[in-house]
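**Q** So that you have it, the file is start-v8.cif, and it contains mmCIF, C-alpha atoms:
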```
data_input
loop_
_atom_site.label_atom_id
_atom_site.label_comp_id
_atom_site.auth_asym_id
_atom_site.auth_seq_id
_atom_site.Cartn_x
_atom_site.Cartn_y
_atom_site.Cartn_z
CA MET A 1 25.65 -91.21 246.65
CA THR A 2 22.63 -93.04 245.23
CA GLY A 3 22.07 -94.11 241.63
CA ARG A 4 24.64 -95.92 239.49
CA LEU A 5 28.11 -94.46 239.86
CA MET A 6 30.73 -95.07 237.18
CA LEU A 7 34.38 -94.63 238.20
CA LEU A 8 36.98 -94.34 235.46
CA ASP A 9 40.57 -95.42 236.00
CA THR A 10 41.43 -92.59 233.65
CA ALA A 11 45.13 -93.25 233.03
CA SER A 12 44.40 -96.90 232.31
CA LEU A 13 41.85 -95.82 229.70
CA TYR A 14 43.89 -93.09 228.02
CA PHE A 15 46.89 -95.42 227.77
CA ARG A 16 44.61 -97.91 226.00
CA ALA A 17 43.26 -95.16 223.77
CA TYR A 18 46.80 -94.03 222.93
CA PHE A 19 47.87 -97.49 221.82
CA GLY A 20 44.53 -98.35 220.23
CA VAL A 21 44.01 -95.22 218.10
CA PRO A 22 46.56 -94.44 215.34
CA ASP A 23 48.85 -91.47 216.01
CA SER A 24 47.81 -90.19 212.59
CA VAL A 25 44.82 -88.71 214.49
CA ARG A 26 46.19 -85.20 214.95
CA ALA A 27 45.28 -81.62 215.78
CA PRO A 28 45.31 -78.96 213.02
CA ASP A 29 48.93 -78.14 213.92
CA GLY A 30 49.97 -81.78 213.56
CA THR A 31 50.12 -82.63 217.29
CA PRO A 32 48.89 -86.19 218.01
CA VAL A 33 45.54 -86.24 219.84
CA ASN A 34 44.84 -89.97 219.56
CA ALA A 35 44.64 -90.44 223.36
CA VAL A 36 42.34 -87.43 223.76
CA ARG A 37 39.91 -88.45 221.05
CA GLY A 38 40.12 -92.12 221.96
CA LEU A 39 39.22 -91.36 225.58
CA LEU A 40 36.25 -89.21 224.50
CA ASP A 41 35.06 -92.10 222.31
CA PHE A 42 35.47 -94.48 225.27
CA ILE A 43 33.41 -92.25 227.57
CA ASP A 44 30.74 -91.86 224.89
CA ARG A 45 30.40 -95.63 224.49
CA LEU A 46 30.42 -96.25 228.25
CA VAL A 47 27.67 -93.70 228.90
CA LYS A 48 25.59 -95.04 225.98
CA ASP A 49 25.90 -98.66 227.03
CA HIS A 50 25.68 -98.38 230.82
CA ARG A 51 23.75 -95.16 231.54
CA PRO A 52 25.40 -94.12 234.81
CA GLU A 53 23.78 -91.33 236.78
CA LYS A 54 27.13 -90.26 238.17
CA LEU A 55 30.60 -90.31 236.63
CA VAL A 56 34.05 -89.57 238.03
CA ALA A 57 37.32 -89.54 236.12
CA CYS A 58 39.78 -90.71 238.79
CA MET A 59 43.36 -89.54 238.32
CA ASP A 60 46.85 -90.51 239.50
CA ALA A 61 47.98 -87.47 241.47
CA ASP A 62 50.88 -89.70 242.52
CA TRP A 63 51.35 -92.89 240.50
CA ARG A 64 54.00 -94.23 242.93
CA PRO A 65 53.23 -92.92 246.44
CA GLN A 66 56.21 -92.70 248.77
CA TRP A 67 54.36 -94.49 251.58
CA ARG A 68 54.09 -97.57 249.34
CA VAL A 69 57.73 -97.31 248.24
CA ASP A 70 58.84 -97.03 251.88
CA LEU A 71 57.22 -100.41 252.54
CA ILE A 72 58.33 -102.15 249.31
CA PRO A 73 61.16 -100.22 247.58
CA SER A 74 60.75 -102.21 244.35
CA TYR A 75 57.17 -100.97 243.95
CA LYS A 76 56.88 -99.75 240.34
CA ALA A 77 60.61 -98.94 240.43
CA HIS A 78 61.17 -100.21 236.87
CA ARG A 79 58.71 -97.60 235.54
CA VAL A 80 60.58 -94.57 236.95
CA ALA A 81 61.84 -92.31 234.16
CA GLU A 82 63.24 -89.59 236.42
CA GLU A 83 63.57 -89.26 240.19
CA HIS A 84 62.44 -86.00 241.83
CA GLU A 85 63.53 -84.96 245.30
CA GLY A 86 60.52 -84.08 247.46
CA ALA A 87 58.03 -84.66 244.63
CA PRO A 88 56.52 -87.64 242.80
CA ASP A 89 58.95 -89.41 240.47
CA ALA A 90 58.25 -89.07 236.75
CA GLU A 91 56.72 -92.16 235.16
CA GLU A 92 58.00 -93.54 231.88
CA VAL A 93 55.34 -92.39 229.39
CA PRO A 94 55.52 -92.27 225.57
CA ASP A 95 56.75 -88.88 224.36
CA THR A 96 53.60 -88.11 222.39
CA LEU A 97 51.25 -89.16 225.20
CA SER A 98 52.52 -86.86 227.97
CA PRO A 99 51.45 -83.61 226.22
CA GLN A 100 47.95 -85.03 225.71
CA VAL A 101 47.23 -85.52 229.41
CA PRO A 102 46.74 -81.79 230.22
CA VAL A 103 44.44 -81.54 227.19
CA ILE A 104 42.38 -84.46 228.50
CA GLU A 105 42.11 -82.72 231.87
CA GLU A 106 41.03 -79.41 230.31
CA VAL A 107 38.40 -81.11 228.15
CA LEU A 108 36.94 -83.08 231.07
CA ASP A 109 36.78 -79.89 233.16
CA ALA A 110 35.07 -77.91 230.38
CA LEU A 111 32.57 -80.73 229.91
CA GLY A 112 31.80 -80.75 233.62
CA ILE A 113 32.81 -84.37 234.18
CA ALA A 114 34.11 -84.68 237.75
CA ARG A 115 37.88 -85.22 237.78
CA VAL A 116 39.49 -86.24 241.06
CA GLY A 117 43.10 -86.86 241.99
CA VAL A 118 44.45 -86.54 245.53
CA ALA A 119 48.08 -85.76 246.42
CA GLY A 120 49.93 -88.81 247.74
CA TYR A 121 47.47 -91.32 246.27
CA GLU A 122 46.92 -93.31 243.10
CA ALA A 123 43.70 -93.35 241.10
CA ASP A 124 43.08 -96.84 242.54
CA ASP A 125 42.87 -95.31 246.02
CA VAL A 126 40.48 -92.60 244.84
CA ILE A 127 38.34 -95.32 243.27
CA GLY A 128 38.50 -97.38 246.47
CA THR A 129 37.32 -94.45 248.57
CA PHE A 130 34.45 -93.48 246.26
CA THR A 131 33.43 -97.15 246.27
CA ALA A 132 33.55 -97.36 250.06
CA ARG A 133 31.31 -94.30 250.34
CA ALA A 134 28.82 -95.26 247.63
CA ASP A 135 25.23 -95.95 248.62
CA GLY A 136 24.23 -97.38 245.25
CA PRO A 137 25.68 -99.68 242.55
CA VAL A 138 29.18 -98.94 241.24
CA ASP A 139 30.79 -99.74 237.89
CA ILE A 140 34.60 -99.46 237.92
CA VAL A 141 36.07 -99.18 234.43
CA THR A 142 39.71 -100.21 234.40
CA GLY A 143 42.29 -102.25 232.56
CA ASP A 144 44.00 -102.92 235.91
CA ARG A 145 43.13 -106.25 237.52
CA ASP A 146 44.25 -104.93 240.93
CA LEU A 147 40.79 -103.38 241.28
CA TYR A 148 39.12 -106.81 241.21
CA GLN A 149 39.60 -106.62 244.98
CA LEU A 150 36.70 -104.15 245.16
CA VAL A 151 34.14 -106.48 243.55
CA ASP A 152 31.23 -107.06 245.92
CA ASP A 153 27.97 -108.61 244.70
CA ALA A 154 26.07 -107.71 247.86
CA ARG A 155 26.80 -104.02 247.23
CA GLU A 156 26.46 -104.28 243.43
CA ILE A 157 30.08 -103.31 242.84
CA ARG A 158 31.58 -104.73 239.67
CA VAL A 159 34.58 -104.12 237.43
CA LEU A 160 34.14 -103.49 233.72
CA TYR A 161 37.42 -104.66 232.20
CA PRO A 162 38.02 -103.66 228.56
CA LEU A 163 38.85 -106.58 226.29
CA LYS A 164 38.67 -104.63 223.01
CA GLY A 165 38.25 -100.89 223.30
CA VAL A 166 35.31 -100.43 225.64
CA GLY A 167 32.78 -101.96 223.28
CA THR A 168 33.65 -105.42 224.58
CA LEU A 169 33.88 -105.44 228.36
CA GLN A 170 34.36 -108.29 230.79
CA LEU A 171 31.75 -107.76 233.50
CA THR A 172 33.62 -108.95 236.55
CA ASP A 173 31.49 -110.08 239.48
CA GLU A 174 32.15 -112.56 242.29
CA ALA A 175 30.95 -115.55 240.27
CA TRP A 176 33.44 -114.73 237.53
CA LEU A 177 36.26 -114.25 240.06
CA ARG A 178 35.53 -117.60 241.74
CA GLU A 179 35.46 -119.33 238.36
CA LYS A 180 38.71 -117.71 237.20
CA TYR A 181 40.75 -117.41 240.41
CA GLY A 182 38.92 -119.35 243.10
CA VAL A 183 38.48 -116.26 245.28
CA ASP A 184 35.95 -113.47 245.80
CA GLY A 185 36.74 -109.75 245.63
CA ARG A 186 38.05 -109.60 249.19
CA GLY A 187 40.34 -112.57 248.53
CA TYR A 188 41.78 -111.20 245.30
CA ALA A 189 44.19 -108.80 247.04
CA ASP A 190 45.59 -111.66 249.13
CA LEU A 191 45.97 -113.82 246.03
CA ALA A 192 47.70 -110.99 244.18
CA LEU A 193 50.25 -110.28 246.90
CA LEU A 194 51.05 -113.98 247.37
CA ARG A 195 51.46 -114.50 243.62
CA GLY A 196 53.32 -111.23 243.11
CA ASP A 197 53.11 -108.89 240.15
CA PRO A 198 56.22 -108.06 238.11
CA SER A 199 54.40 -105.17 236.40
CA ASP A 200 54.09 -103.46 239.80
CA GLY A 201 57.44 -104.63 241.18
CA LEU A 202 55.82 -106.91 243.77
CA PRO A 203 58.01 -109.98 244.38
CA GLY A 204 55.34 -112.24 245.87
CA VAL A 205 56.29 -115.45 247.69
CA ALA A 206 58.91 -117.56 245.93
CA GLY A 207 57.38 -120.67 244.39
CA VAL A 208 53.79 -119.53 244.98
CA GLY A 209 51.96 -118.96 241.73
CA GLU A 210 48.31 -118.23 241.12
CA LYS A 211 47.04 -121.78 241.59
CA THR A 212 49.06 -122.40 244.76
CA ALA A 213 47.93 -119.06 246.19
CA ALA A 214 44.29 -119.97 245.48
CA LYS A 215 44.73 -123.38 247.16
CA LEU A 216 46.33 -121.83 250.24
CA LEU A 217 43.49 -119.30 250.52
CA ALA A 218 40.89 -122.05 250.09
CA GLU A 219 42.59 -124.04 252.86
CA PHE A 220 43.27 -121.24 255.35
CA GLY A 221 40.69 -118.58 254.47
CA ASP A 222 42.84 -115.49 254.09
CA LEU A 223 46.38 -114.19 254.40
CA ALA A 224 46.14 -114.00 258.18
CA GLY A 225 45.10 -117.66 258.25
CA ILE A 226 48.05 -118.64 256.05
CA VAL A 227 50.52 -116.70 258.22
CA ALA A 228 49.09 -118.35 261.35
CA ALA A 229 49.40 -121.78 259.72
CA VAL A 230 53.16 -121.32 259.28
CA ASP A 231 53.59 -121.52 263.07
CA ASP A 232 51.10 -124.38 263.45
CA PRO A 233 52.85 -127.74 263.05
CA LYS A 234 49.48 -129.41 262.40
CA ALA A 235 48.61 -127.12 259.48
CA LYS A 236 48.51 -128.73 256.05
CA LEU A 237 51.58 -127.06 254.56
CA THR A 238 54.36 -128.84 252.74
CA PRO A 239 57.84 -128.34 254.22
CA THR A 240 58.78 -126.27 251.16
CA GLN A 241 55.70 -124.06 251.49
CA ARG A 242 56.36 -123.54 255.19
CA LYS A 243 59.97 -122.62 254.47
CA ARG A 244 59.12 -120.18 251.68
CA LEU A 245 56.34 -118.51 253.64
CA THR A 246 58.67 -118.16 256.62
CA GLU A 247 61.34 -116.55 254.45
CA ALA A 248 58.72 -114.20 252.98
CA ALA A 249 57.45 -113.07 256.41
CA PRO A 250 58.92 -109.52 256.17
CA TYR A 251 57.28 -109.05 252.76
CA LEU A 252 53.95 -110.49 253.92
CA ALA A 253 53.94 -108.11 256.89
CA VAL A 254 53.92 -105.00 254.67
CA ALA A 255 52.45 -106.20 251.36
CA PRO A 256 48.77 -105.90 252.38
CA LYS A 257 49.06 -102.14 252.90
CA VAL A 258 50.76 -101.76 249.51
CA VAL A 259 48.43 -104.02 247.51
CA ARG A 260 45.08 -103.12 249.07
CA VAL A 261 43.62 -99.90 247.77
CA ALA A 262 43.00 -97.18 250.33
CA GLY A 263 39.42 -96.54 251.35
CA ASP A 264 39.99 -93.39 253.38
CA VAL A 265 41.42 -90.88 250.90
CA PRO A 266 40.44 -87.25 251.75
CA LEU A 267 38.27 -86.67 248.69
CA PRO A 268 37.36 -83.13 247.64
CA ASP A 269 33.71 -82.13 247.53
CA VAL A 270 32.74 -82.56 243.86
CA ASP A 271 29.53 -82.80 241.88
CA THR A 272 29.58 -86.34 240.50
CA ALA A 273 26.34 -86.04 238.52
CA LEU A 274 26.73 -86.87 234.84
CA PRO A 275 26.53 -83.50 233.03
CA HIS A 276 23.93 -83.03 230.29
CA THR A 277 25.39 -79.75 229.01
CA PRO A 278 28.99 -78.46 229.14
CA ARG A 279 30.10 -76.58 232.24
CA ASP A 280 32.10 -74.13 230.13
CA PRO A 281 30.86 -74.10 226.49
CA ALA A 282 33.23 -71.32 225.39
CA ALA A 283 36.30 -73.12 226.75
CA LEU A 284 35.10 -76.37 225.18
CA ASP A 285 34.63 -74.71 221.77
CA ALA A 286 38.15 -73.27 221.99
CA LEU A 287 39.61 -76.66 222.91
CA ALA A 288 37.68 -78.38 220.11
CA ALA A 289 39.06 -75.90 217.56
CA ARG A 290 42.62 -75.90 218.94
CA TRP A 291 42.93 -79.68 219.11
CA GLY A 292 40.60 -80.78 216.31
CA LEU A 293 38.37 -82.89 218.55
CA GLY A 294 35.69 -83.09 215.87
CA GLY A 295 33.32 -86.04 215.83
CA SER A 296 34.64 -87.57 219.06
CA LEU A 297 33.54 -84.56 221.10
CA GLN A 298 30.29 -84.04 219.19
CA ARG A 299 29.24 -87.66 219.72
CA LEU A 300 29.88 -87.43 223.43
CA LEU A 301 27.98 -84.13 223.69
CA SER A 302 24.99 -85.69 221.91
CA THR A 303 25.08 -88.69 224.23
CA LEU A 304 25.24 -86.51 227.34
CA GLU A 305 22.34 -84.35 226.11
CA ALA A 306 20.24 -87.47 225.52
#
```
Turn this file's structure into structure tokens for me.
**A**
Amino acid sequence: MTGRLMLLDTASLYFRAYFGVPDSVRAPDGTPVNAVRGLLDFIDRLVKDHRPEKLVACMDADWRPQWRVDLIPSYKAHRVAEEHEGAPDAEEVPDTLSPQVPVIEEVLDALGIARVGVAGYEADDVIGTFTARADGPVDIVTGDRDLYQLVDDAREIRVLYPLKGVGTLQLTDEAWLREKYGVDGRGYADLALLRGDPSDGLPGVAGVGEKTAAKLLAEFGDLAGIVAAVDDPKAKLTPTQRKRLTEAAPYLAVAPKVVRVAGDVPLPDVDTALPHTPRDPAALDALAARWGLGGSLQRLLSTLEA
């Protein structure tokens, strides 16, 4: 893949659209379509401002993969709305958002925007694999800081993090990460798993916050270096740090696989080129009429044609 590739963490963006656009934005039958129209507006602005040659809407085929839960049972456990035997658990999602997701998928498909989700993996893993395979620059659009781990200046991989809609984005590169966290992209995953993340159900190491994690990584290089230092009496660890890291050894043994995004997801063969005309104009017209997509869709179509 050459040319600038833009990867959308789609769920992250439609959640933001849902909460950022009033639910008074509705279809002719009164059904809320604020997430649908908000996402179309987001994509329009992103394409206008950043001019990617390729675009992929990455999806959560499984928002809480069992292989991650097997390693850390608390992983996203607080977000489970309903457990399903032999299938992905249902995530807690606002009642008026859930029905909008299939509409989003149908509209993206009719537009011809590549949409990729892979069974057993999160959108983060799909993004990680597209990034690993990319031959050109990559812009990752997400409201999830976990993806900072993919930032790589040498490969021109950056994260565009929405601060207000997508009109104001934080362009996250390695200089910004070092200034903010004291680590580069590769080090961010280690910092995150040491610090922990209540929103993902990751306990972290007791007593190790962001600043302490950054200091440990600066001193010992990476997680492997920190783990090795625990057994080295000459290593510059306080007795409390050594004790807490020792107690956290079982967690530290499995956390990297849970926190680091996969880079080897079996991706389907898709055309990632940014479409200039709709793939299925008739289906798109029907969707526009059924859901009252109005100006949001027309603006995006004009931007794609340009």
**Q** So which residues touch region 160-162 of chain A within 9 Å, counting only C-alpha atoms, skipping near sequence neighbours fewer than 5 positions away, as a PyMOL selection string?
**A** chain A and resi 13+139-145+167-172
**Q** Would you translate the PyMOL selection byres ((chain A and resi 293) around 9) into the concrete set of residues it matches in this file, as a PyMOL selection string?
**A** chain A and resi 26-27+33+36-37+40+287-292+294-298
**Q** Residue by residue, what does the PyMOL selection byres ((chain A and resi 136) around 8) grab here? Present the result as a ChimeraX atom specification.
**A** /A:1-5,134-135,137-138,155-156
**Q** Within 10 Å of Asp271 (chain A), counting all atoms listed in the file, which residues show up once you throw out same-chain ones fewer than 3 positions away? Write them as a list in words, please.
**A** Lys54, Leu55, Val56, Gly112, Ile113, Ala114, Arg115, Pro268, Leu274 and Pro275 of chain A
**Q** How would the residues just picked look written out with C-alpha atoms as a PDB file, keeping the file's coordinate frame?
**A**
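Saved file part.pdb follows:
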```
ATOM      1  CA  LYS A  54      27.130 -90.260 238.170  1.00  0.00           C
ATOM      2  CA  LEU A  55      30.600 -90.310 236.630  1.00  0.00           C
ATOM      3  CA  VAL A  56      34.050 -89.570 238.030  1.00  0.00           C
ATOM      4  CA  GLY A 112      31.800 -80.750 233.620  1.00  0.00           C
ATOM      5  CA  ILE A 113      32.810 -84.370 234.180  1.00  0.00           C
ATOM      6  CA  ALA A 114      34.110 -84.680 237.750  1.00  0.00           C
ATOM      7  CA  ARG A 115      37.880 -85.220 237.780  1.00  0.00           C
ATOM      8  CA  PRO A 268      37.360 -83.130 247.640  1.00  0.00           C
ATOM      9  CA  LEU A 274      26.730 -86.870 234.840  1.00  0.00           C
ATOM     10  CA  PRO A 275      26.530 -83.500 233.030  1.00  0.00           C
TER      11      PRO A 275
END
```
**Q** Is there a way to get, as a list in words, all residues within 10 Å of the point (38.3, -81.3, 230.3) in file coordinates, counting only C-alpha atoms?
**A**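 Applying the cut-off with only C-alpha atoms, one gets Val36, Val101, Pro102, Val103, Ile104, Glu105, Glu106, Val107, Leu108, Asp109, Ala110, Leu111, Gly112, Ile113, Ala114, Arg115, Pro278, Arg279, Asp280, Ala283, Leu284 and Leu287 of chain A.
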**Q** Which is closest to Pro94 (chain A) among A:Gly117, A:Pro32, A:Gly128, A:Gly201, if we use all atoms listed in the file?
**A**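 Checking each of A:Gly117, A:Pro32, A:Gly128, A:Gly201 against Pro94 (chain A), counting all atoms listed in the file, the winner is A:Pro32.
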**Q** For Leu216 (chain A), which residue among A:Arg133, A:Arg45, A:Arg195, A:Lys257 is the nearest when counting all atoms listed in the file?
**A**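 Smallest separation from Leu216 (chain A) among the options: A:Arg195.
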**Q** For Gly20 (chain A), which residue among A:Val227, A:Ile72, A:Met59, A:Leu163 is the nearest when counting all atoms listed in the file?
**A**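 The answer is A:Leu163, which sits nearest to Gly20 (chain A).
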**Q** Do you know which residues the PyMOL selection byres ((chain A and resi 196) around 12) returns on this file, as a PyMOL selection string?
**A** chain A and resi 74-75+146+188-195+197-210+213+248+251-252+255-256+258-259
**Q** Enter the distance from CA of Glu122 (chain A) to CA of Val254 (chain A), in Å, rounded to one decimal.
**A** 17.9 Å
**Q** One decimal, in Å: what's the spacing between CA of Val69 (chain A) and CA of Ala123 (chain A)?
**A**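 Answer for the CA of Val69 (chain A) to CA of Ala123 (chain A) separation: 16.2 Å.
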